[in-house]
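Undergrad: So here's my_file.csv (CSV, C-alpha atoms and all ligand atoms).
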chain,number,residue,atom,x,y,z
A,196,MET,CA,126.5,84.5,72.6
A,197,ALA,CA,124.5,86.3,75.3
A,198,ARG,CA,125.4,89.7,73.8
A,199,VAL,CA,123.9,88.8,70.4
A,200,VAL,CA,120.8,87.2,72.0
A,201,PHE,CA,120.2,90.1,74.3
A,202,ALA,CA,120.6,92.6,71.4
A,203,ARG,CA,117.9,90.6,69.5
A,204,VAL,CA,115.6,90.7,72.5
A,205,LEU,CA,116.1,94.4,72.9
A,206,GLN,CA,115.2,95.0,69.3
A,207,LYS,CA,112.1,92.8,69.5
A,208,LEU,CA,110.8,94.7,72.6
A,209,SER,CA,112.0,98.2,71.4
A,210,GLN,CA,108.4,99.4,70.7
A,211,LEU,CA,107.5,99.0,74.4
A,212,PRO,CA,107.8,101.9,76.8
A,213,ASP,CA,109.7,99.6,79.2
A,214,GLY,CA,111.4,97.6,76.5
A,215,LYS,CA,114.9,97.6,78.1
A,216,GLU,CA,113.6,96.8,81.5
A,217,SER,CA,111.5,94.0,80.1
A,218,ALA,CA,114.5,92.6,78.2
A,219,LEU,CA,116.7,92.6,81.3
A,220,TYR,CA,114.0,91.0,83.5
A,221,LEU,CA,113.1,88.3,81.0
A,222,PHE,CA,116.8,87.5,80.3
A,223,SER,CA,117.5,87.2,84.0
A,224,HIS,CA,114.4,85.1,84.5
A,225,VAL,CA,115.4,82.4,81.9
A,226,LEU,CA,118.9,82.4,83.5
A,227,GLY,CA,117.2,81.6,86.8
A,228,GLY,CA,117.9,84.9,88.5
A,229,ASP,CA,115.6,87.4,90.3
A,230,SER,CA,117.5,90.6,89.6
A,231,VAL,CA,118.4,92.4,86.4
A,232,SER,CA,122.1,92.2,87.5
A,233,VAL,CA,122.0,88.5,86.4
A,234,ALA,CA,121.3,89.5,82.8
A,235,LYS,CA,123.8,92.3,82.9
A,236,GLU,CA,126.5,90.0,84.2
A,237,ALA,CA,125.7,87.4,81.5
A,238,VAL,CA,125.9,90.0,78.8
A,239,ARG,CA,129.1,91.4,80.2
A,240,ARG,CA,130.7,88.0,80.3
A,241,ASN,CA,129.0,86.9,77.1
A,242,HIS,CA,127.8,83.7,78.6
A,243,SER,CA,126.3,81.0,76.4
A,244,LEU,CA,122.7,79.9,76.7
A,245,THR,CA,121.4,76.4,76.4
A,246,PRO,CA,118.9,75.5,73.6
A,247,GLN,CA,116.2,75.2,76.3
A,248,GLN,CA,117.0,78.6,77.6
A,249,LEU,CA,116.8,80.1,74.1
A,250,THR,CA,113.4,78.5,73.5
A,251,HIS,CA,112.1,79.6,76.9
A,252,LEU,CA,113.3,83.2,76.2
A,253,GLU,CA,111.7,83.3,72.8
A,254,SER,CA,108.3,82.3,74.3
A,255,LEU,CA,108.6,85.0,77.0
A,256,VAL,CA,109.6,87.7,74.5
A,257,HIS,CA,106.5,86.7,72.5
A,258,ARG,CA,104.2,87.0,75.5
A,259,ARG,CA,105.7,90.4,76.4
A,260,GLY,CA,106.1,91.9,73.0
A,261,VAL,CA,103.3,90.4,70.9
A,262,LEU,CA,100.6,89.4,73.5
A,263,ARG,CA,101.6,92.5,75.7
A,264,GLU,CA,101.3,90.5,78.9
A,265,PRO,CA,102.6,92.6,81.8
A,266,LEU,CA,106.2,91.9,82.7
A,267,GLN,CA,105.2,91.2,86.3
A,268,PHE,CA,102.7,88.5,85.3
A,269,ILE,CA,105.4,86.8,83.2
A,270,VAL,CA,108.0,86.9,85.9
A,271,GLY,CA,105.4,86.0,88.5
A,272,HIS,CA,106.8,88.0,91.4
A,273,TRP,CA,107.7,91.6,92.1
A,274,ASP,CA,109.3,93.6,94.9
A,275,PHE,CA,107.2,96.3,96.6
A,276,TYR,CA,108.0,98.8,99.3
A,277,GLY,CA,111.0,96.9,100.7
A,278,VAL,CA,109.4,93.4,100.5
A,279,LYS,CA,110.9,91.0,98.0
A,280,ASN,CA,109.1,88.6,95.7
A,281,PHE,CA,105.4,89.3,96.2
A,282,ILE,CA,103.5,86.9,94.1
A,283,VAL,CA,101.9,88.5,91.1
A,284,GLN,CA,99.1,86.7,89.1
A,285,ALA,CA,96.7,87.7,86.4
A,286,PRO,CA,94.1,89.2,86.5
A,287,THR,CA,94.8,90.8,89.9
A,288,LEU,CA,96.3,94.2,89.4
A,289,CYS,CA,100.1,94.4,89.1
A,290,PRO,CA,101.7,96.5,91.9
A,291,ARG,CA,102.5,99.9,90.5
A,292,PRO,CA,105.5,102.1,91.6
A,293,GLU,CA,103.2,105.1,92.5
A,294,THR,CA,101.4,102.8,95.0
A,295,GLU,CA,104.7,102.5,96.9
A,296,GLU,CA,104.3,106.2,97.5
A,297,LEU,CA,100.9,105.6,98.9
A,298,ALA,CA,102.4,103.0,101.2
A,299,ASP,CA,104.9,105.5,102.3
A,300,LEU,CA,102.2,108.1,103.1
A,301,ALA,CA,100.2,105.5,105.0
A,302,MET,CA,103.4,104.6,107.0
A,303,ARG,CA,103.9,108.2,108.0
A,304,ALA,CA,100.3,108.5,109.2
A,305,ALA,CA,100.6,105.2,111.0
A,306,GLU,CA,103.8,106.2,112.8
A,307,LYS,CA,102.1,109.3,114.1
A,308,LYS,CA,99.4,107.1,115.7
A,309,GLY,CA,101.8,104.9,117.6
A,310,VAL,CA,103.6,101.5,117.9
A,311,CYS,CA,100.3,99.6,118.0
A,312,GLY,CA,97.4,100.2,115.8
A,313,HIS,CA,94.8,98.8,113.4
A,314,LEU,CA,94.9,99.1,109.6
A,315,LEU,CA,92.3,98.5,106.9
A,316,ASP,CA,93.2,98.1,103.2
A,317,VAL,CA,90.2,98.6,101.0
A,318,GLY,CA,90.5,96.8,97.7
A,319,SER,CA,93.6,94.9,98.7
A,320,GLY,CA,94.2,93.2,95.3
A,321,SER,CA,97.5,91.4,95.5
A,322,GLY,CA,97.8,92.6,99.1
A,323,VAL,CA,101.1,94.4,98.6
A,324,LEU,CA,99.9,97.6,100.4
A,325,ALA,CA,98.6,96.0,103.6
A,326,ALA,CA,101.4,93.4,103.7
A,327,SER,CA,104.3,95.7,103.1
A,328,ILE,CA,103.0,98.3,105.6
A,329,LEU,CA,102.4,95.7,108.3
A,330,ALA,CA,105.9,94.2,107.6
A,331,ARG,CA,107.3,97.5,108.9
A,332,LEU,CA,104.8,98.1,111.7
A,333,LYS,CA,105.4,95.1,114.0
A,334,GLY,CA,102.8,96.1,116.6
A,335,TRP,CA,100.0,96.6,114.2
A,336,ASN,CA,97.4,94.3,112.7
A,337,GLY,CA,94.8,94.8,110.1
A,338,ILE,CA,92.1,93.7,107.7
A,339,ALA,CA,92.3,93.3,103.9
A,340,LEU,CA,89.0,93.7,102.1
A,341,ASP,CA,88.4,92.9,98.4
A,342,ILE,CA,85.4,92.0,96.3
A,343,SER,CA,87.3,89.5,94.3
A,344,GLN,CA,87.9,86.0,95.8
A,345,LYS,CA,91.0,85.5,93.6
A,346,ALA,CA,92.5,88.8,94.7
A,347,LEU,CA,91.8,88.0,98.4
A,348,GLU,CA,93.5,84.6,98.0
A,349,LEU,CA,96.5,86.3,96.6
A,350,THR,CA,96.5,88.8,99.4
A,351,ALA,CA,96.6,85.9,101.9
A,352,ARG,CA,99.5,84.3,100.1
A,353,ASN,CA,101.4,87.6,100.0
A,354,ALA,CA,100.7,88.2,103.7
A,355,ALA,CA,102.8,85.0,104.2
A,356,VAL,CA,105.5,86.3,101.8
A,357,ALA,CA,105.8,89.4,103.9
A,358,GLY,CA,105.7,87.4,107.1
A,359,VAL,CA,102.5,89.1,108.4
A,360,GLU,CA,99.9,86.3,108.0
A,361,ARG,CA,99.2,86.4,111.7
A,362,ASN,CA,98.6,90.1,111.7
A,363,LEU,CA,96.3,90.4,108.8
A,364,SER,CA,92.8,89.0,108.3
A,365,PHE,CA,90.9,88.8,105.1
A,366,GLU,CA,87.4,89.9,104.3
A,367,LEU,CA,85.5,89.2,101.0
A,368,GLY,CA,83.0,92.0,100.4
A,369,ASP,CA,81.9,95.0,98.6
A,370,MET,CA,83.1,98.3,100.2
A,371,ARG,CA,79.6,99.8,99.3
A,372,SER,CA,77.8,97.4,101.7
A,373,TRP,CA,80.6,95.9,103.9
A,374,ALA,CA,80.8,96.6,107.6
A,375,PRO,CA,83.7,95.6,109.9
A,376,PRO,CA,82.8,92.3,111.7
A,377,SER,CA,81.2,92.9,115.1
A,378,GLY,CA,83.8,93.3,117.8
A,379,THR,CA,86.4,94.7,115.4
A,380,PRO,CA,88.2,97.7,117.0
A,381,PRO,CA,88.0,100.9,114.9
A,382,PHE,CA,90.8,101.5,112.5
A,383,ASP,CA,93.6,104.0,113.1
A,384,VAL,CA,94.5,104.1,109.4
A,385,ILE,CA,92.6,103.2,106.3
A,386,VAL,CA,94.5,102.9,103.0
A,387,SER,CA,93.0,102.3,99.6
A,388,ASN,CA,94.0,102.3,96.0
A,389,PRO,CA,90.4,101.8,94.8
A,390,PRO,CA,89.4,101.4,91.1
A,391,TYR,CA,89.3,105.0,89.9
A,392,ILE,CA,89.5,105.0,86.1
A,393,PRO,CA,86.6,106.8,84.4
A,394,GLU,CA,84.8,104.6,81.8
A,395,GLU,CA,85.7,107.0,78.9
A,396,GLU,CA,89.4,106.6,79.7
A,397,MET,CA,89.4,102.8,79.4
A,398,ILE,CA,89.9,102.9,75.7
A,399,SER,CA,93.1,104.9,76.0
A,400,LEU,CA,94.8,102.4,78.4
A,401,ALA,CA,97.7,100.2,77.4
A,402,PRO,CA,96.9,96.7,76.2
A,403,GLU,CA,98.8,95.4,79.3
A,404,VAL,CA,96.0,96.9,81.4
A,405,ILE,CA,92.9,96.4,79.3
A,406,GLU,CA,93.6,92.9,78.2
A,407,TRP,CA,95.3,91.4,81.2
A,408,GLU,CA,94.0,93.1,84.4
A,409,ASP,CA,90.6,92.6,86.0
A,410,PRO,CA,88.2,95.5,84.9
A,411,ARG,CA,86.8,95.4,88.5
A,412,ALA,CA,90.2,96.6,89.6
A,413,LEU,CA,90.1,99.5,87.2
A,414,LEU,CA,86.7,101.1,86.7
A,415,GLY,CA,85.7,103.5,89.4
A,416,GLY,CA,82.2,104.3,88.3
A,417,SER,CA,80.3,107.6,87.9
A,418,PRO,CA,80.9,110.4,88.3
A,419,GLY,CA,84.3,110.6,86.5
A,420,GLY,CA,85.7,107.4,88.0
A,421,MET,CA,85.0,108.6,91.6
A,422,GLY,CA,81.9,106.5,92.4
A,423,LEU,CA,83.7,104.0,94.6
A,424,ILE,CA,85.9,106.8,96.2
A,425,LEU,CA,82.8,108.8,97.1
A,426,SER,CA,81.1,105.7,98.4
A,427,LEU,CA,84.1,105.0,100.6
A,428,LEU,CA,84.1,108.6,101.8
A,429,GLY,CA,80.5,108.2,102.8
A,430,ARG,CA,80.9,104.9,104.6
A,431,ALA,CA,84.3,105.0,106.2
A,432,PRO,CA,83.9,107.6,109.0
A,433,PRO,CA,82.4,105.2,111.5
A,434,TRP,CA,85.1,102.6,110.8
A,435,LEU,CA,87.8,105.0,111.9
A,436,VAL,CA,88.8,106.3,115.4
A,437,PRO,CA,88.3,110.0,115.7
A,438,GLY,CA,91.5,111.5,114.4
A,439,GLY,CA,92.0,108.4,112.2
A,440,HIS,CA,93.6,108.7,108.8
A,441,LEU,CA,92.3,107.8,105.3
A,442,LEU,CA,94.9,107.7,102.5
A,443,LEU,CA,93.7,107.2,99.0
A,444,GLU,CA,95.3,106.9,95.6
A,445,VAL,CA,93.2,108.6,93.0
A,446,SER,CA,93.3,109.6,89.4
A,447,HIS,CA,95.2,112.8,88.7
A,448,GLY,CA,92.0,114.9,88.1
A,449,HIS,CA,90.3,113.8,91.3
A,450,PRO,CA,92.0,115.9,94.0
A,451,SER,CA,90.9,119.1,92.3
A,452,THR,CA,87.4,117.8,92.0
A,453,LEU,CA,87.2,116.4,95.6
A,454,TYR,CA,88.8,119.4,97.2
A,455,PRO,CA,85.8,121.8,96.8
A,456,LEU,CA,83.4,119.0,98.0
A,457,LEU,CA,85.4,118.5,101.1
A,458,CYS,CA,86.4,122.1,101.8
A,459,PRO,CA,83.4,124.1,100.5
A,460,SER,CA,84.2,127.0,102.8
A,461,LEU,CA,87.0,127.8,100.4
A,462,GLY,CA,84.6,128.0,97.6
A,463,THR,CA,84.7,126.4,94.2
A,464,PRO,CA,86.0,129.1,91.9
A,465,PRO,CA,85.7,127.5,88.5
A,466,ALA,CA,88.4,129.3,86.7
A,467,GLU,CA,90.6,130.2,89.6
A,468,THR,CA,93.4,128.2,91.1
A,469,ILE,CA,93.8,127.1,94.7
A,470,HIS,CA,96.7,125.7,96.7
A,471,LEU,CA,95.9,122.1,96.9
A,472,LEU,CA,99.1,120.6,98.1
A,473,PRO,CA,100.9,121.5,101.3
A,474,ALA,CA,104.5,122.5,100.9
A,475,SER,CA,105.6,119.3,102.6
A,476,GLY,CA,105.5,115.6,102.1
A,477,LEU,CA,106.0,114.0,98.7
A,478,GLY,CA,104.8,116.8,96.5
A,479,LEU,CA,105.9,120.3,97.0
A,480,GLY,CA,103.2,123.0,97.0
A,481,ARG,CA,101.8,123.9,93.6
A,482,THR,CA,98.6,125.3,92.3
A,483,ILE,CA,96.0,123.5,90.3
A,484,SER,CA,92.6,124.5,89.2
A,485,CYS,CA,89.4,123.3,90.8
A,486,THR,CA,87.0,121.3,88.6
A,487,PRO,CA,83.5,121.8,89.9
A,488,LEU,CA,81.0,119.0,89.1
A,489,CYS,CA,78.1,119.7,86.8
A,490,GLU,CA,74.6,119.2,88.1
A,491,GLU,CA,74.2,115.7,86.8
A,492,ASP,CA,77.5,114.7,88.3
A,493,VAL,CA,76.5,116.2,91.6
A,494,GLU,CA,73.5,113.9,91.6
A,495,MET,CA,75.7,110.9,90.9
A,496,ALA,CA,78.1,112.0,93.5
A,497,LYS,CA,75.3,112.3,96.1
A,498,ALA,CA,74.1,108.8,95.2
A,499,ALA,CA,77.6,107.3,95.3
A,500,CYS,CA,78.3,108.9,98.6
A,501,ALA,CA,75.1,108.0,100.4
A,502,GLN,CA,75.1,104.4,99.1
A,503,GLY,CA,74.6,101.9,101.8
A,504,GLY,CA,73.6,104.5,104.4
A,505,GLY,CA,76.9,106.4,104.8
A,506,CYS,CA,77.1,110.1,105.3
A,507,THR,CA,75.9,112.3,102.6
A,508,LEU,CA,77.8,114.5,100.2
A,509,ALA,CA,76.8,117.6,102.2
A,510,GLN,CA,78.0,116.0,105.4
A,511,LEU,CA,81.5,115.2,104.1
A,512,PRO,CA,83.2,118.4,105.2
A,513,ASP,CA,81.7,117.8,108.8
A,514,VAL,CA,83.4,114.4,109.0
A,515,TRP,CA,86.6,114.8,107.0
A,516,ALA,CA,89.4,117.3,107.4
A,517,TRP,CA,91.6,117.7,104.4
A,518,GLU,CA,95.1,116.9,105.5
A,519,GLY,CA,96.7,117.1,102.1
A,520,GLY,CA,96.9,116.2,98.5
A,521,TYR,CA,100.2,115.0,97.1
A,522,LEU,CA,101.9,114.6,93.7
A,523,ASP,CA,103.3,111.3,92.7
A,524,SER,CA,106.9,111.2,91.5
A,525,PHE,CA,105.7,111.9,87.9
A,526,GLY,CA,104.3,115.2,89.1
A,527,GLN,CA,100.6,114.2,88.9
A,528,PRO,CA,98.2,115.0,91.8
A,529,ARG,CA,97.6,111.4,92.9
A,530,PHE,CA,97.2,111.0,96.7
A,531,ILE,CA,94.7,112.4,99.2
A,532,HIS,CA,95.1,112.3,102.9
A,533,LEU,CA,92.0,112.9,105.1
A,534,VAL,CA,91.5,112.8,108.8
A,535,ARG,CA,88.3,111.9,110.5
A,536,ARG,CA,87.2,114.8,112.6
A,537,GLY,CA,86.8,114.2,116.3
A,601,LIG,C1,93.2,99.3,91.8
A,601,LIG,S1,93.1,97.7,92.5
A,601,LIG,C2,94.2,97.9,93.9
A,601,LIG,C3,94.9,96.6,94.3
A,601,LIG,C4,96.0,96.8,95.3
A,601,LIG,N1,95.5,97.5,96.5
A,601,LIG,C5,97.2,97.6,94.8
A,601,LIG,O1,97.3,98.8,95.1
A,601,LIG,O2,97.9,97.1,93.9
A,601,LIG,C6,91.5,97.8,93.3
A,601,LIG,C7,91.0,96.6,94.0
A,601,LIG,O3,89.7,96.8,94.5
A,601,LIG,C8,88.9,95.7,94.4
A,601,LIG,N2,87.5,96.2,94.3
A,601,LIG,C9,86.8,96.7,93.3
A,601,LIG,N3,85.6,97.0,93.6
A,601,LIG,C10,85.5,96.8,94.9
A,601,LIG,C11,84.4,96.9,95.9
A,601,LIG,N4,83.3,97.4,95.5
A,601,LIG,N5,84.7,96.5,97.1
A,601,LIG,C12,85.9,96.0,97.5
A,601,LIG,N6,86.9,95.9,96.7
A,601,LIG,C13,86.7,96.2,95.4
A,601,LIG,C14,89.4,95.0,93.1
A,601,LIG,O4,89.0,93.7,93.1
A,601,LIG,C15,90.9,95.3,93.1
A,601,LIG,O5,91.6,94.2,93.7
Let me see whether you can do it: turn the structure in this file into structure tokens.
TA:
Amino acid sequence: MARVVFARVLQKLSQLPDGKESALYLFSHVLGGDSVSVAKEAVRRNHSLTPQQLTHLESLVHRRGVLREPLQFIVGHWDFYGVKNFIVQAPTLCPRPETEELADLAMRAAEKKGVCGHLLDVGSGSGVLAASILARLKGWNGIALDISQKALELTARNAAVAGVERNLSFELGDMRSWAPPSGTPPFDVIVSNPPYIPEEEMISLAPEVIEWEDPRALLGGSPGGMGLILSLLGRAPPWLVPGGHLLLEVSHGHPSTLYPLLCPSLGTPPAETIHLLPASGLGLGRTISCTPLCEEDVEMAKAACAQGGGCTLAQLPDVWAWEGGYLDSFGQPRFIHLVRRG
């Protein structure tokens, strides 16, 4: 019976890019299992399903296939960077596989700083970044900051899932005006997967994103989705120790736009290519072209950067050293690693 039912589910979800993965997870979920191996085993042994399980499965397949609810929201939990069963709840952003690569970059930076340290996660969302990193760094503690009360509550629950609730504190605030509470020691590492989607790209996003996830987790603001990133670059230097690290997930066009702003001595040759990525780390060296900002964008960049009294666009190269830009595992330039100059 399970074979026939599973084949029907597969067929109903066949239009989805992750149709097979969804089918396996949903099937396992109704059978009471956490892992896709439960579905595989049931199909292999051709187990029977109860009428209740069949009805439940049908409703989940409808949510996934017709309503396009993200798989993670339906299942309600997801593994991230070695931690099992983080709670996932709409509309807080679902954890993405590429963000695990950001967690890994942040881990490497943190390990360089030592066994004890202080971490800030800006825009913590479900909290998976801060919680999974602190779960590995037993001597570290940190702060998770988010503008959304719902997201921050989820961060707190997920800190408990990862067993780091004593090491993480939670701040509700806007990164453009927030400042660390007085007495907070400066951070050794700041990690952030900020909203970075340009407004004009929203329309091309999958229904799972547009209809189910909080727009505040997506839209990065002008120019080109970099508004919040620039604001963070302007404000974050005093939050970090000299030599402290800032690791950001960004949109694939952003590294080549930000590079000339942060490293102007290398020029901004519009049609030329520069080496953006060091031949180490996650992405191997490759060349990509620089995208200089037009005048209007520069004005917006200046405003975003200086918002809340942070350093200006012109001062960025004096406070940040470009440590590297990295490709994600799909080959897209996705991560930026900066170090606060001493
Ligand atoms: C792309 S999500 C990242 C969530 C989580 N860190 C992750 O990687 O899955 C961005 C998060 O930033 C938060 N956010 C948006 N604007 C913010 C702001 N101005 N200040 C602080 N947090 C903000 C959103 O609520 C959202 O949770």
Undergrad: Please provide the set of residues having any atom within 7 Å of region 416-427 of chain A, restricted to all atoms listed in the file, with same-chain residues fewer than 3 positions apart removed, written as a list in words.
TA: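 Counting all atoms listed in the file, the residues come to Met370, Arg371, Pro389, Tyr391, Ile392, Pro393, Glu394, Arg430, Ala431, Asp492, Met495, Ala496, Ala499, Cys500, Ala501 and Gln502 of chain A.
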Undergrad: Quick one: distance from CA of Trp335 (chain A) to CA of His313 (chain A) in Å, one decimal?
TA: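 Straight-line distance from CA of Trp335 (chain A) to CA of His313 (chain A) works out to 5.7 Å.
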Undergrad: Can you measure CA of Ser230 (chain A) to CA of Gln284 (chain A) for me? One decimal in Å is fine.
TA: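 Separating CA of Ser230 (chain A) from CA of Gln284 (chain A) is a distance of 18.8 Å.
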Undergrad: Using all atoms listed in the file, which of A:Gly415, A:Pro432, A:Gly260, A:Gly334 sits nearest Thr507 (chain A)?
TA: A:Pro432
Undergrad: Collect all residues with atoms no farther than 7 Å from ligand LIG 601 (chain A), counting only C-alpha atoms and all ligand atoms, and output them as a ChimeraX atom specification.
TA: /A:287-291,294,317-324,340-343,346,368-371,387-390,411-413,423
Undergrad: For Phe365 (chain A), work out the shell of residues within 7 Å, counting all atoms listed in the file and skipping chain neighbours fewer than 6 positions away, then give it as a ChimeraX atom specification.
TA: /A:338-340,347
Undergrad: Tell me which of A:Pro292, A:Gly277, A:Pro212, A:Pro381 sits closest to Ser524 (chain A), counting all atoms listed in the file.
TA: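 Using all atoms listed in the file, Ser524 (chain A) sits closest to A:Pro292.
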Undergrad: One number please: CA of Val356 (chain A) to CA of Ala326 (chain A), in Å, one decimal.
TA: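 So the two atoms, CA of Val356 (chain A) and CA of Ala326 (chain A), lie 8.4 Å apart.
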Undergrad: Find the residues around Pro450 (chain A) up to 8 Å (all atoms listed in the file counted), leave out those fewer than 3 positions away in its own chain, and share them as a list of chain:residue names.
TA: A:Val445, A:Ser446, A:His447, A:Leu453, A:Tyr454, A:Leu471, A:Gly520, A:Pro528, A:Arg529, A:Phe530, A:Ile531
Undergrad: Tell me which of A:Val204, A:Leu488, A:Ala234, A:Val283 sits closest to Leu255 (chain A), counting only C-alpha atoms.
TA: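 That would be A:Val204, the residue with the smallest distance to Leu255 (chain A).
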Undergrad: From the set A:Gln248, A:Asn336, A:Gln267, A:Ser209, which residue has the shortest atom-to-atom contact distance to Phe222 (chain A), counting only C-alpha atoms?
TA: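 Selected residue with least distance to Phe222 (chain A): A:Gln248.
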Undergrad: Using all atoms listed in the file, determine which residues lie at most 8 Å from Val256 (chain A), disregarding the query and same-chain residues fewer than 5 positions distant; provide the list as a ChimeraX atom specification.
TA: /A:204,207-208,218,221,261
Undergrad: I need the residue nearest Ala357 (chain A) from this list: A:Val278, A:Gly378, A:Cys506, A:Ala498. Use all atoms listed in the file for the distance.
TA: A:Val278
Undergrad: Could you model N, CA and C atoms for region 377-393 of chain A and present them as a PDB file, keeping the file's coordinate frame?
TA:
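File rebuild.pdb, as written:
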ATOM      1  N   SER A 377      81.522  92.354 113.752  1.00  0.00           N
ATOM      2  CA  SER A 377      81.200  92.900 115.100  1.00  0.00           C
ATOM      3  C   SER A 377      82.397  92.573 116.028  1.00  0.00           C
ATOM      4  N   GLY A 378      82.696  93.514 116.874  1.00  0.00           N
ATOM      5  CA  GLY A 378      83.800  93.300 117.800  1.00  0.00           C
ATOM      6  C   GLY A 378      85.139  93.812 117.266  1.00  0.00           C
ATOM      7  N   THR A 379      85.160  94.190 115.976  1.00  0.00           N
ATOM      8  CA  THR A 379      86.400  94.700 115.400  1.00  0.00           C
ATOM      9  C   THR A 379      86.695  96.080 115.973  1.00  0.00           C
ATOM     10  N   PRO A 380      87.870  96.311 116.518  1.00  0.00           N
ATOM     11  CA  PRO A 380      88.200  97.700 117.000  1.00  0.00           C
ATOM     12  C   PRO A 380      88.226  98.634 115.809  1.00  0.00           C
ATOM     13  N   PRO A 381      87.884  99.913 116.035  1.00  0.00           N
ATOM     14  CA  PRO A 381      88.000 100.900 114.900  1.00  0.00           C
ATOM     15  C   PRO A 381      89.382 100.983 114.408  1.00  0.00           C
ATOM     16  N   PHE A 382      89.499 101.382 113.167  1.00  0.00           N
ATOM     17  CA  PHE A 382      90.800 101.500 112.500  1.00  0.00           C
ATOM     18  C   PHE A 382      91.493 102.795 112.827  1.00  0.00           C
ATOM     19  N   ASP A 383      92.804 102.743 112.910  1.00  0.00           N
ATOM     20  CA  ASP A 383      93.600 104.000 113.100  1.00  0.00           C
ATOM     21  C   ASP A 383      93.928 104.564 111.693  1.00  0.00           C
ATOM     22  N   VAL A 384      94.139 103.665 110.734  1.00  0.00           N
ATOM     23  CA  VAL A 384      94.500 104.100 109.400  1.00  0.00           C
ATOM     24  C   VAL A 384      93.720 103.224 108.385  1.00  0.00           C
ATOM     25  N   ILE A 385      93.120 103.893 107.402  1.00  0.00           N
ATOM     26  CA  ILE A 385      92.600 103.200 106.300  1.00  0.00           C
ATOM     27  C   ILE A 385      93.351 103.582 105.032  1.00  0.00           C
ATOM     28  N   VAL A 386      93.810 102.599 104.284  1.00  0.00           N
ATOM     29  CA  VAL A 386      94.500 102.900 103.000  1.00  0.00           C
ATOM     30  C   VAL A 386      93.774 102.231 101.908  1.00  0.00           C
ATOM     31  N   SER A 387      93.718 102.925 100.786  1.00  0.00           N
ATOM     32  CA  SER A 387      93.000 102.300  99.600  1.00  0.00           C
ATOM     33  C   SER A 387      93.533 102.863  98.325  1.00  0.00           C
ATOM     34  N   ASN A 388      93.768 101.923  97.424  1.00  0.00           N
ATOM     35  CA  ASN A 388      94.000 102.300  96.000  1.00  0.00           C
ATOM     36  C   ASN A 388      92.801 101.681  95.286  1.00  0.00           C
ATOM     37  N   PRO A 389      91.682 102.413  95.326  1.00  0.00           N
ATOM     38  CA  PRO A 389      90.400 101.800  94.800  1.00  0.00           C
ATOM     39  C   PRO A 389      90.457 101.912  93.248  1.00  0.00           C
ATOM     40  N   PRO A 390      89.531 101.214  92.599  1.00  0.00           N
ATOM     41  CA  PRO A 390      89.400 101.400  91.100  1.00  0.00           C
ATOM     42  C   PRO A 390      88.989 102.878  90.938  1.00  0.00           C
ATOM     43  N   TYR A 391      89.649 103.577  90.022  1.00  0.00           N
ATOM     44  CA  TYR A 391      89.300 105.000  89.900  1.00  0.00           C
ATOM     45  C   TYR A 391      89.357 105.481  88.410  1.00  0.00           C
ATOM     46  N   ILE A 392      89.415 104.549  87.464  1.00  0.00           N
ATOM     47  CA  ILE A 392      89.500 105.000  86.100  1.00  0.00           C
ATOM     48  C   ILE A 392      88.083 105.325  85.556  1.00  0.00           C
ATOM     49  N   PRO A 393      87.903 106.500  84.976  1.00  0.00           N
ATOM     50  CA  PRO A 393      86.600 106.800  84.400  1.00  0.00           C
ATOM     51  C   PRO A 393      86.380 105.930  83.148  1.00  0.00           C
TER      52      PRO A 393
END
